[in-house]
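Student: Input: one structure, supplied below.
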Amino acid sequence: IDKNNLIRTDGKIFYNNRLPQDVPQLAVGILIDESGSMDGVRTESARAMAVILYDFCQGLNIPVNIVGHSTNSSKVELFDYAEFDSVDGNDKYRLMDIDARGCNRDGAAILYMCERLQKRPEQQKLLFVISDGQPNHDYYGGKAAMEDMASIVSLYDKKGVQTIACAIGDD
């Protein structure tokens with residue numbers, strides 16, 4: 001409440017009011033780190049978070065895309081669990097396949113998701129990155145990897161894709 005607007009001659013009380021049916025045009029992407037360091041409780045937590053976000057988006061008819069990522073030798077592997085426009089309606093069940101695998105090149109996976117979100121027609125685009133914060137692959141890690149991810153997030157923030165980091169673990 002804006003206290004300066006409590007007494008107004010036009011009868012309005014609230015500074016900015018939106019009705020519940022005014023759902024914003026929103027698309028959500030969820031990117032899950034499936035590297036080996038996410039094994040055990042971290043994978044279970046990431047899976048639970050993905051299910052909760054998926055259910056939330058489905059309940060509000062918000063298009064959602066859920067992708068896991070890992071590496072296999074020199075290649076980035078992407079596991080598509082839920083598509084924006086699901087064909088078979090079984091996306092929620094595929095989330096149970098989220099698992100710890102190889103290493104991770106987070107920058108490449110974030111770039112992939114940002115590109116997918118940017119192509120969506122919705123006005124607002126939101127990317128959740130669920131990770132333990134340890135990018136690690138051949139010649140990709142430490143400060144250089146963090147700078148790579150930060151530059152991608154910054155570039156796509158200017159293009160309308162907001163990124164939220166969801167940390168799993170205490171490292």
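Just so we're on the same page: first chain in the structure tokens is A, next is B, and so on; residues restart at 1 for each chain, and ligands are numbered from 1 in the order they show up.
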Quick one: pick out all strand (DSSP E or B) residues within chain A from a backbone DSSP run and write them as a ChimeraX atom specification.
Tutor: /A:26-33,64-72,75-82,104,124-131,136-137,140-141,161-167
Student: Going by DSSP on the backbone, which residues of chain A come out as helix (DSSP H, G or I)? List them as an NGL selection string.
Tutor: :A and (3-5 or 36-38 or 41-59 or 91-97 or 106-118 or 142-158)
Student: What lies within 7 Å of stretch 102-111 of chain A using only C-alpha atoms, ignoring chain neighbours under 2 positions off, as a list in words?
Tutor: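 So the residues in contact are Ser35, Gly36, His69, Ser70, Thr71, Asn72, Val76, Ala100, Met113, Cys114, Glu115, Pro135, Asn136, His137, Tyr140, Asp148, Met149 and Ile152 of chain A.
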Student: Can you work out which one of A:Ile168, A:Met49, A:Ile32, A:Val161 has the shortest atom-to-atom distance to A:Arg116, counting only C-alpha atoms?
Tutor: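 Residue with the minimum atom-to-atom distance to A:Arg116: A:Val161.
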Student: Restricting the calculation to only C-alpha atoms, which member of A:Gln118, A:Thr43, A:Ser86, A:Ser151 is positioned closest to A:Leu26?
Tutor: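 Closest to A:Leu26 of all the choices is A:Gln118.
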